[in-house]
Amino acid sequence: MSIDYKTYWRKSGLKKDWGNIFLNIVNQHKPKVFLEVGVFCGVTARNVCELLNIIHSGNFKYVGIDLFGDKANEDEKVPNYLKKQIFSNPIKNLFYNIILRENLNSYESVQKFLKKFSKNITLIKGNSNKILQHLEIENIDFAFLDGGHSFETVLNDLNLLFDKISLKKSAIILCDDYEDADYITGVKRAVDQFVKEKKLKFEIIEKRFAKITI
Ligand SMILES: C[S@@+](CC[C@H](N)C(=O)[O-])C[C@H]1O[C@@H](n2cnc3c(N)ncnc32)[C@H](O)[C@@H]1O
């Protein structure tokens, strides 16, 4: 199967070759129930849905959590691209900010963008550190952790995921920005502490992703 991560003229956290590397990891595990923490503009969500739709002939679930404009945790350094929707491409700027007046990191915009998979998806607006406490996630096969990047936020998310998933089944948690972005240090520290405490196996992929097996 040819795997080609598309950006759909939106913004994505997985630029250049990272999208394909990510999709190849997902394809190796072929999850039926996928969770993404940090949906942003929905591009990775859409790519995951397109892939799982082919693999499972439509029989899959995608759950995505994002602040979608809600306040981030106090210790988060909120990047500029989230504070204001800016594009380096002036045509995109004109199209999204002046003609459509559409915030691509909003619940409504992502819901519309993923309309093709409306039967498969659940989008949740809110802070993952709170949402994951109450969400029924025992049947998750694969979680992509790419929401808040501070040490506390990541460690909280990891512990909440572990408490629920490990009761019922094995799963993969893939954390973005473990190594690649050297200005982000919280993810690495949180993952290192988490795998040590829980005595879990993990693998670093392409000096960027940390793949934890639960
Ligand atoms: C790096 S972007 C995610 C990129 C996306 N996974 C992709 O591949 O395009 C991080 C996203 O996490 C969200 N976020 C930050 N802290 C969060 C939290 N505590 N709970 C839920 N979402 C959070 C932000 O709103 C932002 O959209």
# chains A, B, ... in the order shown; residues from 1 in each chain; ligands from 1
>>> select_by_dssp(residues="chain A", states="alpha helix (DSSP H)", output="VMD selection string")
chain A and resid 18 to 29 43 to 55 80 to 83 90 to 92 107 to 113 128 to 134 151 to 168 186 to 198
>>> residues_near_ligand(ligand="ligand 1", cutoff="6 Å", atoms="only C-alpha atoms and all ligand atoms", output="short mmCIF file (atom, residue, chain, number, x, y, z; two decimals) with N, CA and C atoms, in the first residue's frame")
data_model
loop_
_atom_site.label_atom_id
_atom_site.label_comp_id
_atom_site.auth_asym_id
_atom_site.auth_seq_id
_atom_site.Cartn_x
_atom_site.Cartn_y
_atom_site.Cartn_z
N SER A 12 0.00 21.65 9.64
CA SER A 12 0.16 20.36 10.30
C SER A 12 1.41 20.37 11.17
N GLY A 13 1.38 19.58 12.22
CA GLY A 13 2.57 19.43 13.06
C GLY A 13 3.58 18.49 12.43
N LEU A 14 3.18 17.74 11.40
CA LEU A 14 4.08 16.75 10.78
C LEU A 14 4.42 17.17 9.36
N VAL A 37 -4.12 13.10 20.97
CA VAL A 37 -4.19 14.23 21.91
C VAL A 37 -3.45 15.38 21.23
N GLY A 38 -4.17 16.45 20.91
CA GLY A 38 -3.59 17.57 20.15
C GLY A 38 -3.92 17.42 18.68
N VAL A 39 -5.13 17.80 18.31
CA VAL A 39 -5.62 17.60 16.93
C VAL A 39 -5.16 18.73 16.01
N PHE A 40 -5.00 19.92 16.58
CA PHE A 40 -4.60 21.13 15.86
C PHE A 40 -5.59 21.40 14.72
N VAL A 43 -5.17 17.71 10.35
CA VAL A 43 -4.50 17.11 9.19
C VAL A 43 -4.03 15.69 9.48
N THR A 44 -3.41 15.51 10.62
CA THR A 44 -2.97 14.14 10.97
C THR A 44 -4.20 13.27 11.19
N ILE A 65 -8.69 14.89 20.86
CA ILE A 65 -8.89 15.88 21.93
C ILE A 65 -8.03 17.10 21.62
N ASP A 66 -8.61 18.29 21.76
CA ASP A 66 -7.82 19.51 21.61
C ASP A 66 -8.45 20.63 22.42
N LEU A 67 -7.64 21.58 22.80
CA LEU A 67 -8.16 22.76 23.50
C LEU A 67 -9.10 23.54 22.58
N PHE A 68 -8.83 23.50 21.29
CA PHE A 68 -9.61 24.26 20.29
C PHE A 68 -9.91 25.68 20.82
N ALA A 72 -4.60 27.09 27.71
CA ALA A 72 -3.61 26.02 27.94
C ALA A 72 -3.21 26.00 29.41
N GLY A 126 -11.31 20.45 24.92
CA GLY A 126 -10.98 20.58 26.34
C GLY A 126 -9.54 20.19 26.61
N ASN A 127 -9.18 20.28 27.89
CA ASN A 127 -7.82 19.98 28.32
C ASN A 127 -7.66 18.47 28.55
N SER A 128 -6.69 17.89 27.85
CA SER A 128 -6.52 16.42 27.94
C SER A 128 -6.30 15.95 29.38
N ASN A 129 -5.63 16.78 30.19
CA ASN A 129 -5.39 16.38 31.58
C ASN A 129 -6.71 16.19 32.34
N ASP A 146 0.34 14.42 21.37
CA ASP A 146 0.93 15.58 20.70
C ASP A 146 0.15 16.85 21.08
N GLY A 147 -0.27 16.90 22.37
CA GLY A 147 -1.03 18.06 22.83
C GLY A 147 -0.12 19.04 23.55
N GLY A 148 -0.33 19.21 24.86
CA GLY A 148 0.57 20.06 25.63
C GLY A 148 1.95 19.40 25.68
#
>>> residues_around(residues="A:Asp17", least_positions_apart="4", cutoff="9 Å", atoms="only C-alpha atoms", output="list in words")
Tyr5, Ile21 and Phe22 of chain A
>>> atom_distance(atom1="atom CA of A:Leu51", atom2="atom CA of A:Ile3")
8.0 Å
>>> closest_residue(among="A:Thr213, A:Thr122, A:Asn159, A:Thr185", to="A:Glu36", atoms="only C-alpha atoms")
A:Thr122
>>> atom_distance(atom1="atom CA of A:His149", atom2="atom CA of A:Val187")
5.9 Å
>>> residues_around(residues="A:His56", least_positions_apart="6", cutoff="10 Å", atoms="only C-alpha atoms", output="list in words")
Lys30, Pro31 and Lys32 of chain A
>>> write_last_selection(atoms="all heavy atoms", output="compact mmCIF listing (two decimals), in the first residue's frame")
# COMPACT_ATOMS: atom_id res chain seq x y z
N LYS A 30 -1.63 -1.09 12.74
CA LYS A 30 -3.00 -1.23 12.25
C LYS A 30 -4.05 -1.15 13.38
O LYS A 30 -4.86 -2.07 13.57
CB LYS A 30 -3.16 -2.55 11.47
CG LYS A 30 -2.18 -2.64 10.31
CD LYS A 30 -2.47 -3.80 9.41
CE LYS A 30 -1.62 -3.87 8.17
NZ LYS A 30 -0.43 -3.05 8.01
N PRO A 31 -4.04 -0.05 14.12
CA PRO A 31 -5.01 0.06 15.23
C PRO A 31 -6.44 0.19 14.72
O PRO A 31 -6.67 0.75 13.65
CB PRO A 31 -4.58 1.35 15.93
CG PRO A 31 -3.89 2.15 14.87
CD PRO A 31 -3.20 1.16 13.99
N LYS A 32 -7.36 -0.32 15.52
CA LYS A 32 -8.79 -0.15 15.18
C LYS A 32 -9.37 1.05 15.90
O LYS A 32 -10.33 1.67 15.46
CB LYS A 32 -9.57 -1.41 15.57
CG LYS A 32 -9.57 -2.46 14.50
CD LYS A 32 -10.81 -3.33 14.60
CE LYS A 32 -11.13 -3.88 13.23
NZ LYS A 32 -12.32 -4.69 13.20
>>> residues_around(residues="A:Arg46", least_positions_apart="3", cutoff="10 Å", atoms="only C-alpha atoms", output="VMD selection string")
chain A and resid 5 to 8 39 41 to 43 49 to 52 62 110 113 to 117
>>> write_last_selection(atoms="all heavy atoms", output="compact mmCIF listing (two decimals), in the first residue's frame")
# COMPACT_ATOMS: atom_id res chain seq x y z
N TYR A 5 1.36 11.07 3.16
CA TYR A 5 0.76 12.04 4.08
C TYR A 5 0.44 13.33 3.32
O TYR A 5 1.32 13.94 2.72
CB TYR A 5 1.73 12.31 5.22
CG TYR A 5 1.21 13.20 6.33
CD1 TYR A 5 0.66 12.66 7.48
CD2 TYR A 5 1.30 14.59 6.24
CE1 TYR A 5 0.21 13.47 8.52
CE2 TYR A 5 0.84 15.41 7.26
CZ TYR A 5 0.30 14.83 8.40
OH TYR A 5 -0.15 15.64 9.42
N LYS A 6 -0.82 13.73 3.36
CA LYS A 6 -1.22 14.95 2.64
C LYS A 6 -1.50 16.07 3.64
O LYS A 6 -1.96 15.79 4.75
CB LYS A 6 -2.49 14.68 1.83
CG LYS A 6 -2.32 13.64 0.74
CD LYS A 6 -3.56 13.67 -0.17
CE LYS A 6 -3.46 12.64 -1.27
NZ LYS A 6 -3.51 11.25 -0.79
N THR A 7 -1.28 17.31 3.22
CA THR A 7 -1.52 18.42 4.15
C THR A 7 -2.83 19.17 3.86
O THR A 7 -3.25 20.01 4.66
CB THR A 7 -0.34 19.43 4.18
OG1 THR A 7 -0.06 19.80 2.84
CG2 THR A 7 0.88 18.83 4.81
N TYR A 8 -3.46 18.89 2.76
CA TYR A 8 -4.80 19.43 2.45
C TYR A 8 -4.86 20.96 2.54
O TYR A 8 -5.86 21.51 3.00
CB TYR A 8 -5.85 18.81 3.37
CG TYR A 8 -5.98 17.32 3.23
CD1 TYR A 8 -5.29 16.45 4.08
CD2 TYR A 8 -6.79 16.75 2.26
CE1 TYR A 8 -5.40 15.07 3.96
CE2 TYR A 8 -6.92 15.37 2.14
CZ TYR A 8 -6.21 14.54 2.99
OH TYR A 8 -6.33 13.19 2.87
N VAL A 39 -5.13 17.80 18.31
CA VAL A 39 -5.62 17.60 16.93
C VAL A 39 -5.16 18.73 16.01
O VAL A 39 -4.98 18.53 14.81
CB VAL A 39 -7.18 17.54 16.95
CG1 VAL A 39 -7.74 17.45 15.55
CG2 VAL A 39 -7.66 16.39 17.81
N CYS A 41 -5.19 21.33 13.45
CA CYS A 41 -6.12 21.64 12.35
C CYS A 41 -6.71 20.36 11.73
O CYS A 41 -7.39 20.43 10.70
CB CYS A 41 -5.41 22.45 11.27
SG CYS A 41 -4.69 23.96 11.91
N GLY A 42 -6.42 19.23 12.32
CA GLY A 42 -7.05 17.98 11.87
C GLY A 42 -6.35 17.25 10.74
O GLY A 42 -6.88 16.27 10.21
N VAL A 43 -5.17 17.71 10.35
CA VAL A 43 -4.50 17.11 9.19
C VAL A 43 -4.03 15.69 9.48
O VAL A 43 -4.26 14.77 8.68
CB VAL A 43 -3.33 18.01 8.71
CG1 VAL A 43 -2.52 17.32 7.63
CG2 VAL A 43 -3.88 19.32 8.18
N CYS A 49 -7.43 8.73 9.46
CA CYS A 49 -8.74 8.20 9.06
C CYS A 49 -8.69 7.59 7.65
O CYS A 49 -9.24 6.51 7.42
CB CYS A 49 -9.81 9.30 9.11
SG CYS A 49 -10.25 9.78 10.78
N GLU A 50 -8.02 8.28 6.73
CA GLU A 50 -7.91 7.74 5.36
C GLU A 50 -7.20 6.39 5.38
O GLU A 50 -7.62 5.45 4.71
CB GLU A 50 -7.14 8.72 4.44
CG GLU A 50 -7.81 10.07 4.22
CD GLU A 50 -8.99 10.03 3.24
OE1 GLU A 50 -9.24 8.98 2.65
OE2 GLU A 50 -9.67 11.07 3.11
N LEU A 51 -6.13 6.29 6.16
CA LEU A 51 -5.36 5.04 6.23
C LEU A 51 -6.17 3.92 6.90
O LEU A 51 -6.28 2.81 6.35
CB LEU A 51 -4.05 5.29 7.00
CG LEU A 51 -3.16 4.07 7.23
CD1 LEU A 51 -2.59 3.54 5.91
CD2 LEU A 51 -2.00 4.39 8.17
N LEU A 52 -6.75 4.21 8.06
CA LEU A 52 -7.49 3.17 8.78
C LEU A 52 -8.75 2.75 8.04
O LEU A 52 -9.20 1.60 8.14
CB LEU A 52 -7.83 3.63 10.21
CG LEU A 52 -6.63 3.92 11.11
CD1 LEU A 52 -7.08 4.26 12.53
CD2 LEU A 52 -5.65 2.76 11.15
N TYR A 62 -11.77 6.91 15.53
CA TYR A 62 -10.76 7.94 15.81
C TYR A 62 -11.34 8.87 16.87
O TYR A 62 -12.46 9.37 16.73
CB TYR A 62 -10.42 8.73 14.53
CG TYR A 62 -9.63 9.99 14.83
CD1 TYR A 62 -8.24 10.00 14.78
CD2 TYR A 62 -10.28 11.17 15.22
CE1 TYR A 62 -7.53 11.15 15.10
CE2 TYR A 62 -9.57 12.31 15.55
CZ TYR A 62 -8.20 12.30 15.48
OH TYR A 62 -7.49 13.43 15.81
N VAL A 110 -12.52 21.69 12.20
CA VAL A 110 -12.00 20.31 12.10
C VAL A 110 -13.14 19.32 11.87
O VAL A 110 -13.03 18.39 11.07
CB VAL A 110 -11.15 19.94 13.35
CG1 VAL A 110 -10.70 18.49 13.29
CG2 VAL A 110 -9.94 20.87 13.47
N PHE A 113 -13.94 19.50 8.31
CA PHE A 113 -12.85 18.92 7.52
C PHE A 113 -12.88 17.38 7.55
O PHE A 113 -12.50 16.71 6.59
CB PHE A 113 -11.53 19.46 8.06
CG PHE A 113 -10.29 18.91 7.41
CD1 PHE A 113 -10.11 18.97 6.04
CD2 PHE A 113 -9.29 18.33 8.18
CE1 PHE A 113 -8.95 18.46 5.45
CE2 PHE A 113 -8.14 17.82 7.61
CZ PHE A 113 -7.97 17.88 6.23
N LEU A 114 -13.37 16.82 8.68
CA LEU A 114 -13.41 15.35 8.82
C LEU A 114 -14.80 14.77 8.54
O LEU A 114 -15.07 13.61 8.88
CB LEU A 114 -12.97 14.95 10.25
CG LEU A 114 -11.55 15.35 10.67
CD1 LEU A 114 -11.27 14.94 12.10
CD2 LEU A 114 -10.50 14.74 9.74
N LYS A 115 -15.64 15.57 7.92
CA LYS A 115 -17.04 15.19 7.67
C LYS A 115 -17.18 13.82 7.00
O LYS A 115 -18.09 13.03 7.32
CB LYS A 115 -17.68 16.26 6.77
CG LYS A 115 -19.17 16.34 6.84
CD LYS A 115 -19.61 17.59 6.14
CE LYS A 115 -20.91 17.31 5.40
NZ LYS A 115 -21.10 18.25 4.31
N LYS A 116 -16.27 13.54 6.09
CA LYS A 116 -16.29 12.27 5.37
C LYS A 116 -16.28 11.07 6.32
O LYS A 116 -16.77 9.99 6.00
CB LYS A 116 -15.01 12.25 4.50
CG LYS A 116 -14.78 11.03 3.68
CD LYS A 116 -13.52 11.23 2.81
CE LYS A 116 -13.14 9.96 2.12
NZ LYS A 116 -11.82 10.03 1.48
N PHE A 117 -15.72 11.27 7.52
CA PHE A 117 -15.61 10.18 8.49
C PHE A 117 -16.47 10.44 9.73
O PHE A 117 -16.15 9.98 10.82
CB PHE A 117 -14.14 9.98 8.89
CG PHE A 117 -13.26 9.63 7.73
CD1 PHE A 117 -12.35 10.54 7.22
CD2 PHE A 117 -13.35 8.38 7.12
CE1 PHE A 117 -11.55 10.22 6.14
CE2 PHE A 117 -12.56 8.05 6.03
CZ PHE A 117 -11.66 8.97 5.54
>>> residues_around(residues="A:Arg189", least_positions_apart="3", cutoff="10 Å", atoms="only C-alpha atoms", output="PyMOL selection string")
chain A and resi 150-152+154-155+178+184-186+192-194
>>> write_last_selection(atoms="C-alpha atoms", output="mmCIF file, in the first residue's frame")
data_model
loop_
_atom_site.group_PDB
_atom_site.id
_atom_site.type_symbol
_atom_site.label_atom_id
_atom_site.label_comp_id
_atom_site.auth_asym_id
_atom_site.auth_seq_id
_atom_site.Cartn_x
_atom_site.Cartn_y
_atom_site.Cartn_z
ATOM 1 C CA SER A 150 5.319 20.705 29.165
ATOM 2 C CA PHE A 151 6.752 18.096 31.537
ATOM 3 C CA GLU A 152 3.691 18.149 33.821
ATOM 4 C CA VAL A 154 2.829 15.108 29.251
ATOM 5 C CA LEU A 155 3.445 13.120 32.433
ATOM 6 C CA TYR A 178 10.803 13.484 22.196
ATOM 7 C CA ILE A 184 11.084 21.383 23.869
ATOM 8 C CA THR A 185 12.555 19.469 26.781
ATOM 9 C CA GLY A 186 9.454 18.490 28.753
ATOM 10 C CA ASP A 192 11.964 9.002 30.575
ATOM 11 C CA GLN A 193 10.422 9.251 34.040
ATOM 12 C CA PHE A 194 7.229 7.455 32.989
#
>>> select_by_dssp(residues="stretch 51-176 of chain A", states="strand (DSSP E)", output="number ranges by chain")
A: 61-66, 121-125, 142-145, 172-175
>>> write_last_selection(atoms="N, CA and C atoms", output="PDB file, in the first residue's frame")
ATOM      1  N   LYS A  61     -12.234   3.496  14.690  1.00  0.00           N
ATOM      2  CA  LYS A  61     -12.662   4.688  15.450  1.00  0.00           C
ATOM      3  C   LYS A  61     -11.474   5.630  15.635  1.00  0.00           C
ATOM      4  N   TYR A  62     -11.773   6.908  15.526  1.00  0.00           N
ATOM      5  CA  TYR A  62     -10.762   7.937  15.807  1.00  0.00           C
ATOM      6  C   TYR A  62     -11.337   8.867  16.868  1.00  0.00           C
ATOM      7  N   VAL A  63     -10.576   9.085  17.936  1.00  0.00           N
ATOM      8  CA  VAL A  63     -10.987  10.041  18.976  1.00  0.00           C
ATOM      9  C   VAL A  63      -9.910  11.119  19.058  1.00  0.00           C
ATOM     10  N   GLY A  64     -10.311  12.375  18.974  1.00  0.00           N
ATOM     11  CA  GLY A  64      -9.340  13.480  19.019  1.00  0.00           C
ATOM     12  C   GLY A  64      -9.692  14.483  20.097  1.00  0.00           C
ATOM     13  N   ILE A  65      -8.685  14.887  20.859  1.00  0.00           N
ATOM     14  CA  ILE A  65      -8.890  15.878  21.932  1.00  0.00           C
ATOM     15  C   ILE A  65      -8.027  17.101  21.620  1.00  0.00           C
ATOM     16  N   ASP A  66      -8.607  18.288  21.764  1.00  0.00           N
ATOM     17  CA  ASP A  66      -7.816  19.505  21.606  1.00  0.00           C
ATOM     18  C   ASP A  66      -8.448  20.634  22.418  1.00  0.00           C
ATOM     19  N   ILE A 121     -15.617   9.253  13.834  1.00  0.00           N
ATOM     20  CA  ILE A 121     -14.818  10.146  14.687  1.00  0.00           C
ATOM     21  C   ILE A 121     -15.592  10.708  15.885  1.00  0.00           C
ATOM     22  N   THR A 122     -14.826  10.983  16.948  1.00  0.00           N
ATOM     23  CA  THR A 122     -15.346  11.740  18.087  1.00  0.00           C
ATOM     24  C   THR A 122     -14.321  12.818  18.381  1.00  0.00           C
ATOM     25  N   LEU A 123     -14.761  14.078  18.303  1.00  0.00           N
ATOM     26  CA  LEU A 123     -13.864  15.184  18.627  1.00  0.00           C
ATOM     27  C   LEU A 123     -14.271  15.769  19.961  1.00  0.00           C
ATOM     28  N   ILE A 124     -13.287  16.051  20.806  1.00  0.00           N
ATOM     29  CA  ILE A 124     -13.603  16.568  22.132  1.00  0.00           C
ATOM     30  C   ILE A 124     -12.798  17.840  22.381  1.00  0.00           C
ATOM     31  N   LYS A 125     -13.529  18.891  22.776  1.00  0.00           N
ATOM     32  CA  LYS A 125     -12.865  20.168  23.079  1.00  0.00           C
ATOM     33  C   LYS A 125     -12.567  20.225  24.567  1.00  0.00           C
ATOM     34  N   PHE A 142      -3.995   2.594  19.974  1.00  0.00           N
ATOM     35  CA  PHE A 142      -2.867   3.441  19.605  1.00  0.00           C
ATOM     36  C   PHE A 142      -3.198   4.873  20.017  1.00  0.00           C
ATOM     37  N   ALA A 143      -2.324   5.472  20.829  1.00  0.00           N
ATOM     38  CA  ALA A 143      -2.534   6.880  21.207  1.00  0.00           C
ATOM     39  C   ALA A 143      -1.363   7.700  20.692  1.00  0.00           C
ATOM     40  N   PHE A 144      -1.676   8.799  20.003  1.00  0.00           N
ATOM     41  CA  PHE A 144      -0.638   9.727  19.538  1.00  0.00           C
ATOM     42  C   PHE A 144      -0.689  10.940  20.458  1.00  0.00           C
ATOM     43  N   LEU A 145       0.351  11.101  21.267  1.00  0.00           N
ATOM     44  CA  LEU A 145       0.377  12.172  22.263  1.00  0.00           C
ATOM     45  C   LEU A 145       1.119  13.378  21.700  1.00  0.00           C
ATOM     46  N   ILE A 172      -0.114   0.976  22.080  1.00  0.00           N
ATOM     47  CA  ILE A 172       1.058   1.801  21.774  1.00  0.00           C
ATOM     48  C   ILE A 172       0.737   3.247  22.140  1.00  0.00           C
ATOM     49  N   ILE A 173       1.693   3.911  22.788  1.00  0.00           N
ATOM     50  CA  ILE A 173       1.590   5.372  22.941  1.00  0.00           C
ATOM     51  C   ILE A 173       2.785   5.956  22.193  1.00  0.00           C
ATOM     52  N   LEU A 174       2.483   6.780  21.203  1.00  0.00           N
ATOM     53  CA  LEU A 174       3.546   7.414  20.429  1.00  0.00           C
ATOM     54  C   LEU A 174       3.605   8.891  20.824  1.00  0.00           C
ATOM     55  N   CYS A 175       4.758   9.328  21.324  1.00  0.00           N
ATOM     56  CA  CYS A 175       4.893  10.733  21.734  1.00  0.00           C
ATOM     57  C   CYS A 175       5.699  11.492  20.698  1.00  0.00           C
TER      58      CYS A 175
END
>>> closest_residue(among="A:Val26, A:Ile131, A:Ile214, A:Val78", to="A:Val195", atoms="only C-alpha atoms")
A:Ile214
>>> closest_residue(among="A:Lys16, A:Trp9, A:Leu160, A:Ser2", to="A:Asn93", atoms="only C-alpha atoms")
A:Trp9
